[in-house]
Amino acid sequence: MPMVKLVYFDLEGRGELIRLLLHAGNIDFEDFRFGFADWPKLKPTTPFGSVPVLFWDGEEMAQTMAMVRFVARKVGMAGKSDMEFFKADMVACHFDEIWSKLPGMRFAATQEDRVAKAMEFRDEFLPKWLTPLETLLEKRGGEWYSSGGATFADLAMMVALDFLHAPEEMAFKDMDNLEKRRQVLDKYPLVKANYQRTCALPSVVSWKANKPAFHGF
C-alpha cells in the first residue's frame, strides 16, 4: 500500500475528486486540510503556488487533473482500454470548465455581483455545458460517460453537480433558489440519471457518509 497524503483546503473544491478516487480504491491516505488563514504560509511551499498537492510514496505531485488521471489509473477507474480512458478524459476536461465560473461566484465582491453571476451561470452557462453531456451519454449507451462502466469522468461530473445541489453552496449565498437549481437537470434526463447512478456507487455512499463536515468559508 502506498504512503499517500493529500493537501488541500478544508472544503471540497478541487480536492474532492481526488479524495473520492482514493477512497474508491481503498487507499488509506492522510487527508490534510487547512484553513484560508494558513494559505499565505503554505503557498510558497507548493510546486506551482496552488493546491491540491498529493504526496505519493514521497513523490510530490501537483496540478489537479494530472493527479486525477494518475490516481484514476491506480484505482481502476480510468476505463478498460485506451479508448475508454480517452472518452472519460474528454468529459473530465469538460468538467474542469466549471472552475471558470464557481470561484467568481463564491468570492464575488458584492451580493449584487454574486446574484448577477449566479443568474448567468444558471441560465446561460449550464445549458451550454450540460447539453453536450446529454448528447454524449445518448451516443454511449445512456449510463456511463466512457460507456464501459464508472470512471473518473462520472465522479467528476457528480462533484460538479453536487455543488449545484448543495443548500450551503457559497456561490448561491442568500439566494432562495435551491429548488430551481435542482430542477435544472430535469431537462437533461440522461445526465440526471448518471448523477443519481454515480451517487449510489458504494464507495461514494460511504465517503459522503463519513467525510468531515463542511463548516463554511
# chains A, B, ... in the order shown; residues from 1 in each chain; ligands from 1
call {"tool": "select_by_dssp", "arguments": {"residues": "stretch 12-204 of chain A", "states": "strand (DSSP E or B)", "output": "list in words"}}
result
Glu30, Asp31, Phe32, Arg33, Phe34, Val53, Leu54, Phe55, Trp56, Glu59, Glu60 and Met61 of chain A
call {"tool": "closest_atom_pairs", "arguments": {"of": "stretch 131-203 of chain A", "to": "stretch 68-80 of chain A", "cutoff": "7 Å", "atoms": "only C-alpha atoms", "output": "Markdown table"}}
result
| residue | atom | partner | partner_atom | distance |
| --- | --- | --- | --- | --- |
| A:Gly148 | CA | A:Gly79 | CA | 6.9 |
| A:Ala150 | CA | A:Met77 | CA | 6.8 |
| A:Thr151 | CA | A:Met77 | CA | 4.4 |
| A:Phe152 | CA | A:Met77 | CA | 5.7 |
call {"tool": "write_last_selection", "arguments": {"atoms": "N, CA, C and O atoms", "output": "CSV table (one decimal), in the first residue's frame"}}
result
chain,number,residue,atom,x,y,z
A,148,GLY,N,-18.2,2.0,-20.7
A,148,GLY,CA,-17.8,0.7,-20.2
A,148,GLY,C,-18.0,0.5,-18.7
A,148,GLY,O,-17.8,-0.6,-18.2
A,150,ALA,N,-18.3,2.9,-14.6
A,150,ALA,CA,-18.0,4.1,-13.9
A,150,ALA,C,-16.5,4.4,-14.0
A,150,ALA,O,-15.7,3.5,-13.8
A,151,THR,N,-16.2,5.7,-14.3
A,151,THR,CA,-14.8,6.1,-14.3
A,151,THR,C,-14.7,7.5,-13.6
A,151,THR,O,-15.6,8.0,-13.1
A,152,PHE,N,-13.5,8.0,-13.7
A,152,PHE,CA,-13.2,9.3,-13.0
A,152,PHE,C,-14.1,10.4,-13.7
A,152,PHE,O,-14.4,11.4,-13.0
call {"tool": "closest_residue", "arguments": {"among": "A:Val191, A:Met175, A:Met170, A:Leu155", "to": "A:Glu138", "atoms": "only C-alpha atoms"}}
result
A:Val191
call {"tool": "select_by_dssp", "arguments": {"residues": "stretch 128-162 of chain A", "states": "alpha helix (DSSP H)", "output": "JSON, numbers by chain"}}
result
{"A": [128, 129, 130, 131, 132, 133, 134, 135, 136, 137, 138, 139, 152, 153, 154, 155, 156, 157, 158, 159, 160, 161, 162]}
call {"tool": "write_last_selection", "arguments": {"atoms": "C-alpha atoms", "output": "PDB file, in the first residue's frame"}}
result
ATOM      1  CA  LYS A 128     -24.337  25.147 -22.912  1.00  0.00           C
ATOM      2  CA  TRP A 129     -22.332  22.977 -20.526  1.00  0.00           C
ATOM      3  CA  LEU A 130     -24.924  20.245 -19.942  1.00  0.00           C
ATOM      4  CA  THR A 131     -26.272  19.809 -23.483  1.00  0.00           C
ATOM      5  CA  PRO A 132     -23.105  18.167 -24.906  1.00  0.00           C
ATOM      6  CA  LEU A 133     -23.057  15.771 -21.951  1.00  0.00           C
ATOM      7  CA  GLU A 134     -26.622  14.678 -22.651  1.00  0.00           C
ATOM      8  CA  THR A 135     -25.662  14.068 -26.283  1.00  0.00           C
ATOM      9  CA  LEU A 136     -22.559  12.079 -25.322  1.00  0.00           C
ATOM     10  CA  LEU A 137     -24.495   9.843 -22.959  1.00  0.00           C
ATOM     11  CA  GLU A 138     -27.109   9.179 -25.617  1.00  0.00           C
ATOM     12  CA  LYS A 139     -24.385   8.102 -28.054  1.00  0.00           C
ATOM     13  CA  PHE A 152     -13.245   9.325 -13.030  1.00  0.00           C
ATOM     14  CA  ALA A 153     -15.433  11.188 -15.542  1.00  0.00           C
ATOM     15  CA  ASP A 154     -18.615  10.147 -13.759  1.00  0.00           C
ATOM     16  CA  LEU A 155     -17.146  11.074 -10.381  1.00  0.00           C
ATOM     17  CA  ALA A 156     -16.020  14.434 -11.774  1.00  0.00           C
ATOM     18  CA  MET A 157     -19.473  15.285 -13.048  1.00  0.00           C
ATOM     19  CA  MET A 158     -21.011  14.193  -9.767  1.00  0.00           C
ATOM     20  CA  VAL A 159     -18.721  16.546  -7.856  1.00  0.00           C
ATOM     21  CA  ALA A 160     -19.727  19.431 -10.119  1.00  0.00           C
ATOM     22  CA  LEU A 161     -23.433  18.674  -9.821  1.00  0.00           C
ATOM     23  CA  ASP A 162     -23.132  18.268  -6.051  1.00  0.00           C
TER      24      ASP A 162
END
call {"tool": "residues_around", "arguments": {"residues": "A:Ala118", "least_positions_apart": "5", "cutoff": "8 Å", "atoms": "only C-alpha atoms", "output": "ChimeraX atom specification"}}
result
/A:105,171-172
call {"tool": "write_last_selection", "arguments": {"atoms": "N, CA, C and O atoms", "output": "CSV table (one decimal), in the first residue's frame"}}
result
chain,number,residue,atom,x,y,z
A,105,MET,N,-18.2,33.4,-8.5
A,105,MET,CA,-19.5,33.5,-7.7
A,105,MET,C,-19.3,33.4,-6.2
A,105,MET,O,-19.8,34.1,-5.5
A,171,ALA,N,-21.6,29.9,-3.7
A,171,ALA,CA,-21.9,30.6,-4.9
A,171,ALA,C,-23.3,31.1,-5.0
A,171,ALA,O,-23.6,32.0,-5.8
A,172,PHE,N,-24.2,30.5,-4.2
A,172,PHE,CA,-25.6,30.9,-4.2
A,172,PHE,C,-26.0,31.5,-2.8
A,172,PHE,O,-27.2,31.4,-2.4
